[in-house]
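Encoded as structure tokens, the structure appears first; notes follow it.
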Amino acid sequence: MRYLPHSEAERAEMLGVIGADSIEALFSAVPENALQKAPLDLPSHAAEFMVEAHMRALAARNHAASDGPFFVGAGAYRHHVPASVDHLIQRSEWLTAYTPYQPEISQGTLQMLFEFQTQVARITGMDVANASLYDGSTGTAEAVLMARRLTKRRKIILSGGLHPHYRDVVRAYLKDDPHLICLSPSPEGQGDILDRIDEDTAAIVVQTPDFYGHLRNVKVAADAAHAKGALLIVVVTEVVSLGLLEAPGALGADIVVAEGQSIGNSLNFGGPYVGLMATKKEYIRQMPGRLCGETVDANGERGFVLTLSTREQHIRREKATSNICTNSGLCALAFSIHMALLGEAGFVRLARLNHARACVLADALERVKGIELLNKTFFNEMTIRLPKPGAEVIETLAARGILAGVPASRLVSDDPAVESLIILAATELTSDADIAALVSGLEEVLA
Amino acid sequence: MSMNREGRPTHTGTGADINATGAALLPNEPLLFEIGDTHHSGVDLPDVEISPDRLGGFERKSALDLAGLTEPEAMRHYVRLSRLNHSIDGGFYPLGSCTMKHNPRLNEKMARLPGFADIHPLQPVSTVQGALEVMQQLSHWLMTLTNTAAVALSPKAGAHGELLGMMAIKAAQEARGEGHRKVVLVPESAHGTNPATAAFLGYIVKTIPAREDGTVDVSAVKEALTSDVAAIMLTNPNTCGLFEPQVIEIAQAVHEAGAYFYCDGANFNAIMGVVRPGDLGIDAMHINLHKTFSTPHGGGGPGAGPVVLSEALAPFAPVPFLRKDGSGLELVEHVEGEALGRITAFHGQMGMYVRALTYMLSHGADGLAQAAKDAVLNANYIKARLAGVFSLPFPNYPAMHEVLFDDSFLDGTGVTTLDFAKALIDEGFHPMTMYFPLVVHGAMLIEPTESESKQTLDQFCDVMLDLADDARAGNSERFTAAPLKAPKRRLDETRAARQPVLKWERREDIPQAAE
């Protein structure tokens with residue numbers, strides 16, 4: 001077996017040192033009736049080329065985003081990732097390191113996390129960011145719990161523009177909590193949350209661009225929340241938007257949660273992704289997840305360590321701010337490298353290009369008979385209303401090799417009002433030819 | 001401040017250059033923000049004109065201030081930084097409870113096939129049947145290896161799996177009108193995530209003490225199993241590296257009391273293919289694909305923590321899950337019946353599923369069992385070679401995949417577990433897990449995994465014995481000053497926590513602190 005170094009002779013020699021007759025003897029603490037005796041109904045080991053053939057056959061049954069026109073977004077976005085990013089993250093020293101618990105021999109990971117935290121703080125306009133969470137959805141649930149700890153209040157209000165999966169995750173984390181208020185889907189982008197805030201409200205959660213692509217007024221939400229002593233949690237599922245839109249921190253957000261997948265990370269059918277979380281300095285000690293901080297070593301030289309770990313489970317156990325341990329280190333690295341390659345100039349250009357491509361898409365869609373564009377504002381994603389059920393149109397176009405977007409009904413199952421809606425995203429990878437193919441496909445399907 | 005040939009500062013401190021040998025290849029690397037600026041970019045993109053019409057007046061006005069690097073500069077920055085890390089590929093990494101095994105590169109290659117990496121979680125299921133088949137096959141392997149009825153794949157890491165498993169337990173109890181059960185039993189040797197998870201869900205954590213021999217006291221469990229107990233969270237093999245010999249009896253007692261058995265599967269590597277946890281009576285167990293099934297740890301994730309569930313808990317699995325639909329597979333994405341809802345957006349860690357399945361197919365059932373046996377062999381070999389010099393708190397049972405020592409062999413030497421661990425760094429090894437589990441003083445938890453050759457284990461044991469000799473001979477300098485040969489000397493963690501500096505700022509932007 002190519003991954004197991006011992007020969008039988010070495011095993012025997014080692015057993016001799018141990019003083020055991022067989023490896024099986026080392027399992028003597030296992031109750032006899034619990035030992036697996038019959039062979040399991042699973043295949044035996046296989047050569048690398050055989051495994052590769054098996055996996056390639058499975059991969060070939062999927063339609064990759066690069067196989068044709070592609071407009072799917074709704075929380076995960078197809079962007080170009082520079083070749084150097086993937087090359088770098090596959091270096092052994094990044095890929096096969098553990099969490100940096102021994103800082104003297106983990107300065108690479110630690111310095112990278114410090115740089116990552118700085119990048120995230122800057123794009124969100126916040127004081128501090130953590131070293132990543134699993135993804136944007138679980139980050140949102142963590143932010144809600146953090147807001148409760150900070151305000152010692154119970155009520156949480158989720159905007160109808162919040163990604164339905166994110167809403168569902170918060171619901172699962174706060175199972176049957178009567179103080180959780182989830183507002184109905186708001187495909188038209190209507191404001192719905194401000195007059196619901198009261199003195200019991202811990203936080204309101206607003207996404208921008210929202211699930212349907214509309215840009216929401218963060219400043220107004222912040223002012224309304226703060227007037228009642230509540231916190232504003234801003235969720236961003238398309239992090240590229242922060243290159244063009246005002247930073248939530250500059251508009252009064254108290255906690256910003258973002259899905260960082262768009263920068264540095266592939267679509268991967270939904271994971272692994274990287275959750276970003278940033279907040280104000282005064283809230284650090286209630287923040288979940290790892291934090292990397294600067295310090296000095298015994299020679300007085302600058303170095304980095306994981307810090308403020310008295311918030312964390314391995315120290316505080318049942319009193320921790322969260323149970324999170326492993327997070328998204330390598331995805332954070334990919335994010336950080338890609339962001340370093342972009343730099344401010346590249347990040348701004350990327351965001352502008354995304355918006356420009358989306359404007360071309362919006363203009364083209366508006367010209368299709370029977371289609372109504374719901375968005376007055378958007379970044380790179382928009383919602384259209386069709387004269388037919390969205391899911392049906394998406395299936396028909398998929399059969400023609402066009403992945404035309406996401407039917408809103410796939411995520412919002414309980415609302416007939418969204419049945420005719422589809423959500424489409426454009427990125428820097430969306431070509432004029434892609435848009436032309438989509439338009440002609442839609443024209444045929446709707447004719 | 002000295003400068004290297006690129007004119008970059010190489011030292012920010014004033015200390016002596018201890019690491020004389022090899023230091024030329026391990027330069028101090030400045031921060032990204034000290035190298036790059038806001039104009040440089042490693043990505044060529046057109047600067048397009050845009051109209052403000054659809055931006056609603058929300059354009060950015062505040063500064064971004066993001067440093068950029070061209071590609072050659074970025075390559076150098078991240079390659080140099082990488083060289084400051086210890087890694088499995090670079091050296092032995094015997095971190096107990098972390099299972100730092102080899103990460104096969106075929107896994108990486110397969111995860112990057114466009115058919116896996118470049119598919120969207122919300123594209124029509126008719127276009128991702130191969131991906132669903134990966135999930136189906138992985139599920140089959142996990143359920144067969146554990147003899148369980150169902151598996152929820154979506155948890156993002158072990159702790160997330162714990163959360164899901166305990167949510168399922170809570171939901172099951174509420175469904176049968178037993179929501180009054182508010183207590184979760186957690187042995188004191190448990191991972192910190194166990195009590196944190198239970199508390200996260202509002203449970204009261206009751207600690208079960210360990211017995212003298214390092215295993216859980218069945219009578220203490222039985223005594224604690226009052227009618228308000230919801231579950232026990234038990235790690236097996238436990239964090240002392242021992243298989244719980246009375247685990248079946250514990251499971252029976254737990255079930256008789258109307259509670260559930262959550263098993264922390266972090267140590268599944270010791271028993272995969274050898275013992276099926278379902279046969280022990282577990283109700284839920286997370287499996288860390290990033291430990292047992294070789295997906296890389298990546299400097300702290302991403303992980304993946306699928307949870308296998310017993311018949312009793314299967315109806316409480318979260319969405320999404322798979323369902324056979326004629327010739328194809330269907331993805332159930334909305335709550336039906338008693339299902340929990342959703343614990344993450346989309347479908348979990350597909351990239352990790354591909355790697356783990358690739359690993360399983362490579363090993364086969366025979367290879368997985370052999371891997372578990374070799375992991376146990378290696379731990380016992382280290383135990384045998386070090387016993388007599390190092391102090392074994394629990395000598396009664398064979399070790400499983402890891403071996404635990406305490407610090408009593410260092411009594412009177414002035415050397416602590418921390419010092420000892422730092423001295424290992426100077427010998428080229430990553431230290432073992434220190435001060436965990438909490439049940440012994442100055443714990444040293446060593447997990448070699450099956451990936452290590454006898455030669456490596458011998459080198460490690462030779463060094464450990466030499467260090468122990470030196471500590472006892474009174475050469476405490478080798479320990480208290482260590483590490484001397486690492487990229488950094490010991491770091492001041494107290495300072496980091498007292499005066500948190502969590503991001504880089506320009507000197508002029510830092511408020512002058514009164515010291």
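The way I read the labels, and the way they are meant: chains A, B, ... in the order of the structure tokens, residue 1 as the first residue of every chain, and ligand 1 as the first ligand shown, with later ones counted on from there.
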
So which residues touch region 51-68 of chain B within 8 Å, counting only C-alpha atoms, skipping near sequence neighbours fewer than 3 positions away, as a VMD selection string? (chain A and resid 119 122 to 123 125 215 217 242 to 247 250 339 to 346 376 to 379) or (chain B and resid 32 to 33 35 to 42)

Residues within 10 Å of Pro237 (chain B), only C-alpha atoms, excluding chain neighbours under 2 positions, as JSON, numbers by chain: {"A": [30], "B": [215, 234, 235, 239, 240, 241, 242, 243, 244, 245, 247, 263, 264, 265, 266, 267, 268, 269, 270, 271, 399, 400, 401, 402]}

Any chance you could export the current selection's C-alpha atoms as a CSV table (one decimal), in the first residue's frame?
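Writing the result to again07.csv gives the following:
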```
chain,number,residue,atom,x,y,z
A,30,VAL,CA,-11.8,-3.6,22.6
B,215,THR,CA,-10.8,5.4,31.3
B,234,LEU,CA,-17.7,10.5,24.9
B,235,THR,CA,-14.5,10.3,22.9
B,239,THR,CA,-7.9,11.5,24.6
B,240,CYS,CA,-5.6,9.5,26.8
B,241,GLY,CA,-5.1,7.3,23.8
B,242,LEU,CA,-7.1,4.4,25.4
B,243,PHE,CA,-10.0,2.5,24.0
B,244,GLU,CA,-12.9,2.7,26.6
B,245,PRO,CA,-13.1,-1.0,27.6
B,247,VAL,CA,-18.0,1.5,26.2
B,263,CYS,CA,-19.3,9.9,20.3
B,264,ASP,CA,-16.6,12.3,19.4
B,265,GLY,CA,-15.0,10.6,16.4
B,266,ALA,CA,-11.8,12.7,16.3
B,267,ASN,CA,-9.8,9.5,17.1
B,268,PHE,CA,-11.5,7.3,14.5
B,269,ASN,CA,-8.2,6.8,12.9
B,270,ALA,CA,-7.3,4.2,15.5
B,271,ILE,CA,-10.1,1.9,14.7
B,399,ALA,CA,-2.1,2.6,23.7
B,400,MET,CA,-4.3,3.1,20.6
B,401,HIS,CA,-3.2,5.6,18.0
B,402,GLU,CA,-1.6,8.0,20.5
```

Enumerate as a PyMOL selection string all residues of region 59-306 of chain B assigned to strand (DSSP E or B) by DSSP on the backbone, naming them with the chain letters and numbers the document uses. chain B and resi 59+68+85+95+128+150-152+183-187+204-208+210+216+229-235+260-264+275+284-286

Would you save the residues of that selection, restricted to N, CA and C atoms, as a CSV table (one decimal), in the first residue's frame?
```csv
chain,number,residue,atom,x,y,z
B,59,GLU,N,-21.8,54.3,-3.9
B,59,GLU,CA,-20.4,54.0,-4.3
B,59,GLU,C,-19.4,54.3,-3.1
B,68,GLY,N,-0.8,45.9,-3.1
B,68,GLY,CA,-0.8,45.0,-4.2
B,68,GLY,C,0.6,44.6,-4.5
B,85,ASN,N,7.2,27.8,8.1
B,85,ASN,CA,6.2,26.8,8.7
B,85,ASN,C,6.8,25.4,8.8
B,95,LEU,N,1.4,15.6,16.7
B,95,LEU,CA,0.4,16.3,17.5
B,95,LEU,C,-0.7,15.4,17.9
B,128,VAL,N,-25.3,18.0,-12.2
B,128,VAL,CA,-24.3,17.7,-11.2
B,128,VAL,C,-24.5,16.2,-10.6
B,150,ALA,N,-27.5,6.3,8.9
B,150,ALA,CA,-27.6,7.6,8.1
B,150,ALA,C,-26.3,8.4,8.3
B,151,VAL,N,-26.1,9.3,7.4
B,151,VAL,CA,-25.0,10.2,7.6
B,151,VAL,C,-25.4,11.6,7.1
B,152,ALA,N,-25.1,12.6,7.9
B,152,ALA,CA,-25.3,14.0,7.5
B,152,ALA,C,-23.9,14.6,7.1
B,183,VAL,N,-29.2,18.2,30.8
B,183,VAL,CA,-27.8,18.0,31.3
B,183,VAL,C,-27.1,17.1,30.2
B,184,VAL,N,-25.9,17.4,30.0
B,184,VAL,CA,-25.0,16.6,29.1
B,184,VAL,C,-23.8,16.2,29.9
B,185,LEU,N,-23.5,14.9,29.9
B,185,LEU,CA,-22.4,14.4,30.6
B,185,LEU,C,-21.1,14.4,29.7
B,186,VAL,N,-20.0,15.0,30.2
B,186,VAL,CA,-18.8,15.1,29.5
B,186,VAL,C,-17.6,14.7,30.3
B,187,PRO,N,-16.9,13.6,30.0
B,187,PRO,CA,-15.8,13.2,30.8
B,187,PRO,C,-14.7,14.3,30.8
B,204,ILE,N,-26.6,22.1,30.3
B,204,ILE,CA,-25.8,22.2,31.5
B,204,ILE,C,-24.7,21.1,31.4
B,205,VAL,N,-23.5,21.4,31.5
B,205,VAL,CA,-22.4,20.4,31.3
B,205,VAL,C,-22.1,19.8,32.7
B,206,LYS,N,-22.1,18.5,32.8
B,206,LYS,CA,-21.7,17.9,34.0
B,206,LYS,C,-20.5,17.0,33.7
B,207,THR,N,-19.4,17.3,34.5
B,207,THR,CA,-18.2,16.6,34.2
B,207,THR,C,-18.1,15.3,34.9
B,208,ILE,N,-17.7,14.2,34.1
B,208,ILE,CA,-17.5,12.9,34.7
B,208,ILE,C,-16.0,12.7,34.9
B,210,ALA,N,-12.3,11.0,35.4
B,210,ALA,CA,-11.7,9.8,34.9
B,210,ALA,C,-11.3,8.9,36.0
B,216,VAL,N,-13.1,6.0,31.5
B,216,VAL,CA,-14.3,6.6,32.1
B,216,VAL,C,-14.9,5.6,33.1
B,229,VAL,N,-30.9,13.9,32.1
B,229,VAL,CA,-29.7,13.8,31.3
B,229,VAL,C,-30.1,13.6,29.8
B,230,ALA,N,-29.7,14.4,28.9
B,230,ALA,CA,-30.0,14.3,27.5
B,230,ALA,C,-29.0,13.4,26.8
B,231,ALA,N,-27.8,13.5,27.1
B,231,ALA,CA,-26.8,12.7,26.4
B,231,ALA,C,-25.4,12.7,27.1
B,232,ILE,N,-24.6,11.7,26.7
B,232,ILE,CA,-23.2,11.7,27.1
B,232,ILE,C,-22.4,12.0,25.8
B,233,MET,N,-21.4,12.8,26.0
B,233,MET,CA,-20.4,13.1,24.8
B,233,MET,C,-19.1,12.4,25.2
B,234,LEU,N,-18.9,11.3,24.5
B,234,LEU,CA,-17.7,10.5,24.9
B,234,LEU,C,-16.8,10.3,23.7
B,235,THR,N,-15.5,10.5,23.9
B,235,THR,CA,-14.5,10.3,22.9
B,235,THR,C,-14.0,8.9,23.0
B,260,TYR,N,-29.0,9.8,25.0
B,260,TYR,CA,-28.3,9.4,23.7
B,260,TYR,C,-26.8,9.4,23.9
B,261,PHE,N,-26.1,8.7,23.1
B,261,PHE,CA,-24.7,8.5,23.1
B,261,PHE,C,-24.1,9.3,21.9
B,262,TYR,N,-23.5,10.5,22.2
B,262,TYR,CA,-22.8,11.2,21.2
B,262,TYR,C,-21.3,10.8,21.3
B,263,CYS,N,-20.7,10.3,20.2
B,263,CYS,CA,-19.3,9.9,20.3
B,263,CYS,C,-18.5,10.9,19.5
B,264,ASP,N,-17.5,11.4,20.1
B,264,ASP,CA,-16.6,12.3,19.4
B,264,ASP,C,-15.6,11.4,18.6
B,275,VAL,N,-13.0,-1.6,14.1
B,275,VAL,CA,-14.2,-1.6,15.0
B,275,VAL,C,-15.2,-0.6,14.4
B,284,ALA,N,-24.7,9.1,17.5
B,284,ALA,CA,-24.2,10.1,16.6
B,284,ALA,C,-22.7,10.2,16.8
B,285,MET,N,-22.0,10.3,15.7
B,285,MET,CA,-20.5,10.5,15.8
B,285,MET,C,-20.0,11.3,14.6
B,286,HIS,N,-19.3,12.4,14.8
B,286,HIS,CA,-18.7,13.1,13.7
B,286,HIS,C,-17.4,12.4,13.3
```

So how far away is CA of Leu42 (chain A) from CA of Asn380 (chain B), in Å?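 Distance between the two atoms: 28.3 Å.
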
Write out as number ranges by chain all residues of region 190-347 of chain B that backbone DSSP assigns to helix (DSSP H, G or I). B: 193-200, 218-224, 247-256, 265-270, 277-280, 314-316

Selected residues written out with N, CA and C atoms, as a short mmCIF file (atom, residue, chain, number, x, y, z; two decimals), in the first residue's frame:
```cif
data_model
loop_
_atom_site.label_atom_id
_atom_site.label_comp_id
_atom_site.auth_asym_id
_atom_site.auth_seq_id
_atom_site.Cartn_x
_atom_site.Cartn_y
_atom_site.Cartn_z
N THR B 193 -14.06 21.29 22.64
CA THR B 193 -15.24 21.53 21.79
C THR B 193 -16.48 20.85 22.36
N ASN B 194 -16.33 19.73 23.08
CA ASN B 194 -17.51 19.01 23.59
C ASN B 194 -18.31 19.86 24.58
N PRO B 195 -17.71 20.30 25.67
CA PRO B 195 -18.49 21.16 26.57
C PRO B 195 -18.93 22.46 25.91
N ALA B 196 -18.11 23.00 25.02
CA ALA B 196 -18.49 24.25 24.35
C ALA B 196 -19.73 24.02 23.49
N THR B 197 -19.79 22.89 22.81
CA THR B 197 -20.95 22.58 21.97
C THR B 197 -22.21 22.41 22.82
N ALA B 198 -22.08 21.64 23.89
CA ALA B 198 -23.25 21.40 24.74
C ALA B 198 -23.77 22.72 25.31
N ALA B 199 -22.85 23.56 25.77
CA ALA B 199 -23.26 24.84 26.34
C ALA B 199 -23.88 25.74 25.28
N PHE B 200 -23.36 25.68 24.08
CA PHE B 200 -23.86 26.46 22.94
C PHE B 200 -25.34 26.19 22.73
N VAL B 218 -17.61 3.71 34.69
CA VAL B 218 -18.99 3.34 34.34
C VAL B 218 -19.94 3.63 35.51
N SER B 219 -19.48 3.35 36.72
CA SER B 219 -20.40 3.57 37.84
C SER B 219 -20.66 5.07 38.02
N ALA B 220 -19.66 5.90 37.74
CA ALA B 220 -19.88 7.35 37.83
C ALA B 220 -20.89 7.80 36.77
N VAL B 221 -20.79 7.18 35.58
CA VAL B 221 -21.75 7.51 34.52
C VAL B 221 -23.15 7.09 34.96
N LYS B 222 -23.25 5.87 35.48
CA LYS B 222 -24.56 5.37 35.88
C LYS B 222 -25.18 6.25 36.97
N GLU B 223 -24.35 6.64 37.88
CA GLU B 223 -24.82 7.48 38.97
C GLU B 223 -25.31 8.84 38.46
N ALA B 224 -24.62 9.34 37.43
CA ALA B 224 -24.97 10.67 36.90
C ALA B 224 -26.17 10.63 35.97
N VAL B 247 -17.20 0.60 26.97
CA VAL B 247 -18.02 1.50 26.17
C VAL B 247 -19.41 0.91 25.89
N ILE B 248 -19.48 -0.40 25.67
CA ILE B 248 -20.78 -1.00 25.36
C ILE B 248 -21.71 -0.92 26.59
N GLU B 249 -21.13 -1.15 27.73
CA GLU B 249 -21.90 -1.06 28.97
C GLU B 249 -22.37 0.39 29.20
N ILE B 250 -21.50 1.33 28.89
CA ILE B 250 -21.87 2.74 29.04
C ILE B 250 -23.04 3.06 28.10
N ALA B 251 -22.92 2.60 26.85
CA ALA B 251 -23.98 2.87 25.87
C ALA B 251 -25.32 2.30 26.35
N GLN B 252 -25.26 1.08 26.88
CA GLN B 252 -26.51 0.46 27.36
C GLN B 252 -27.12 1.27 28.49
N ALA B 253 -26.27 1.68 29.43
CA ALA B 253 -26.78 2.44 30.57
C ALA B 253 -27.39 3.77 30.10
N VAL B 254 -26.72 4.40 29.15
CA VAL B 254 -27.20 5.68 28.62
C VAL B 254 -28.57 5.49 27.96
N HIS B 255 -28.70 4.45 27.16
CA HIS B 255 -29.97 4.21 26.48
C HIS B 255 -31.08 3.83 27.45
N GLU B 256 -30.71 3.04 28.46
CA GLU B 256 -31.73 2.66 29.45
C GLU B 256 -32.27 3.88 30.19
N GLY B 265 -15.72 11.52 17.32
CA GLY B 265 -14.98 10.61 16.44
C GLY B 265 -13.63 11.13 16.00
N ALA B 266 -13.10 12.10 16.73
CA ALA B 266 -11.81 12.69 16.33
C ALA B 266 -10.71 11.63 16.26
N ASN B 267 -10.87 10.56 17.03
CA ASN B 267 -9.83 9.54 17.08
C ASN B 267 -10.19 8.28 16.30
N PHE B 268 -11.06 8.43 15.33
CA PHE B 268 -11.51 7.28 14.55
C PHE B 268 -10.35 6.60 13.81
N ASN B 269 -9.28 7.35 13.60
CA ASN B 269 -8.15 6.77 12.85
C ASN B 269 -7.61 5.50 13.51
N ALA B 270 -7.79 5.39 14.82
CA ALA B 270 -7.26 4.21 15.52
C ALA B 270 -8.04 2.95 15.19
N PRO B 277 -18.20 1.76 15.12
CA PRO B 277 -18.79 2.43 16.29
C PRO B 277 -20.27 2.11 16.48
N GLY B 278 -20.98 1.84 15.38
CA GLY B 278 -22.38 1.46 15.51
C GLY B 278 -22.55 0.20 16.36
N ASP B 279 -21.56 -0.68 16.30
CA ASP B 279 -21.62 -1.90 17.10
C ASP B 279 -21.40 -1.63 18.59
N LEU B 280 -20.91 -0.44 18.90
CA LEU B 280 -20.68 -0.08 20.31
C LEU B 280 -21.90 0.61 20.91
N ALA B 314 -31.70 9.25 12.77
CA ALA B 314 -31.71 9.50 11.32
C ALA B 314 -32.82 10.46 10.87
N PRO B 315 -34.04 10.36 11.44
CA PRO B 315 -35.09 11.29 10.97
C PRO B 315 -34.78 12.76 11.27
N PHE B 316 -33.79 12.99 12.12
CA PHE B 316 -33.51 14.37 12.53
C PHE B 316 -32.31 14.96 11.81
#
```

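Among the candidate residues A:Leu88, A:Ala34, A:Ala29, A:Val368, the one lying nearest to Val274 (chain B) is A:Ala34, with distances computed using only C-alpha atoms.
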
Test item: residues at most 9 Å from Pro94 (chain B), only C-alpha atoms, excluding those fewer than 3 positions along its chain, as a PDB file with C-alpha atoms, in the first residue's frame:
```pdb
ATOM      1  CA  CYS B  98      -4.764  15.945  15.469  1.00  0.00           C
ATOM      2  CA  THR B  99      -3.899  12.984  13.224  1.00  0.00           C
ATOM      3  CA  MET B 100      -1.279  14.651  11.093  1.00  0.00           C
ATOM      4  CA  GLU B 402      -1.605   7.981  20.519  1.00  0.00           C
ATOM      5  CA  PHE B 429      10.442  17.869  15.216  1.00  0.00           C
ATOM      6  CA  HIS B 430       7.086  19.475  15.749  1.00  0.00           C
ATOM      7  CA  PRO B 431       6.202  19.169  19.436  1.00  0.00           C
ATOM      8  CA  MET B 432       3.548  16.797  20.658  1.00  0.00           C
ATOM      9  CA  THR B 433       0.253  18.153  22.000  1.00  0.00           C
ATOM     10  CA  LEU B 445       0.220  13.532  23.927  1.00  0.00           C
ATOM     11  CA  ILE B 446       2.030  11.905  21.006  1.00  0.00           C
ATOM     12  CA  GLU B 447       0.221  10.711  17.882  1.00  0.00           C
ATOM     13  CA  PRO B 448       2.555   9.405  15.209  1.00  0.00           C
ATOM     14  CA  THR B 449      -0.078   8.211  12.652  1.00  0.00           C
TER      15      THR B 449
END
```

With distances taken over only C-alpha atoms, which of B:Gln137, B:Pro209, B:Ser310, B:Lys182 is nearest to Ala168 (chain B)?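 Checking each of B:Gln137, B:Pro209, B:Ser310, B:Lys182 against Ala168 (chain B), counting only C-alpha atoms, the winner is B:Ser310.
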
Restricting the calculation to only C-alpha atoms: of B:Ser408, B:Thr480, B:Gln349, B:Ser126, which residue gets closest to chain A? B:Gln349

State, in Å with one decimal place, the distance from CA of Thr494 (chain B) to CA of Asp297 (chain A). 11.2 Å

With distances taken over only C-alpha atoms, which residue among A:Thr310, A:Val412, A:Ala46, A:Val348 lies nearest Gly161 (chain A)? A:Val412

Would you mind listing what lies within 6 Å of Val418 (chain A) as a list of chain:residue names, with only C-alpha atoms counted and same-chain residues fewer than 2 positions away left out? A:Ala408, A:Ser409, A:Pro416, A:Ser420, A:Leu421

Please report the interatomic distance between CA of Val120 (chain A) and CA of Arg317 (chain A) in Å with one decimal.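 Spanning CA of Val120 (chain A) to CA of Arg317 (chain A) is a straight-line distance of 27.9 Å.
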
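Proximity ranking of B:Ile382, B:Leu438, B:Pro393, B:Met350 relative to Asp118 (chain B) places B:Met350 first, based on only C-alpha atoms.
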
Find the spatial neighbours of Asp213 (chain B), counting only C-alpha atoms, within a cut-off of 7 Å - ignore same-chain residues fewer than 2 positions away - and output them as an mmCIF file with N, CA and C atoms, in the first residue's frame.
```cif
data_model
loop_
_atom_site.group_PDB
_atom_site.id
_atom_site.type_symbol
_atom_site.label_atom_id
_atom_site.label_comp_id
_atom_site.auth_asym_id
_atom_site.auth_seq_id
_atom_site.Cartn_x
_atom_site.Cartn_y
_atom_site.Cartn_z
ATOM 1 N N ARG B 211 -11.157 7.597 35.720
ATOM 2 C CA ARG B 211 -10.646 6.667 36.718
ATOM 3 C C ARG B 211 -9.128 6.756 36.763
ATOM 4 N N THR B 215 -9.581 5.657 32.025
ATOM 5 C CA THR B 215 -10.823 5.394 31.311
ATOM 6 C C THR B 215 -11.996 5.966 32.102
ATOM 7 N N PHE B 394 -0.934 6.046 32.535
ATOM 8 C CA PHE B 394 -1.925 4.974 32.384
ATOM 9 C C PHE B 394 -1.300 3.764 31.708
ATOM 10 N N ASN B 396 -1.845 0.598 32.122
ATOM 11 C CA ASN B 396 -2.575 -0.670 32.170
ATOM 12 C C ASN B 396 -3.023 -1.212 30.819
#
```

Can you tell me which residues surround region 115-117 of chain A at a distance of at most 10 Å, considering only C-alpha atoms, apart from same-chain residues fewer than 5 positions away, and format the answer as a ChimeraX atom specification? /A:109-110,122,127-132,276-278,291-293,332-337,339-340 /B:31-33,502-504

Residue with smallest distance to Ala53 (chain A) - pool B:Leu106, B:Ser82, B:Ala157, B:Thr456, counting only C-alpha atoms: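 Under the stated criterion, the closest residue is B:Leu106.
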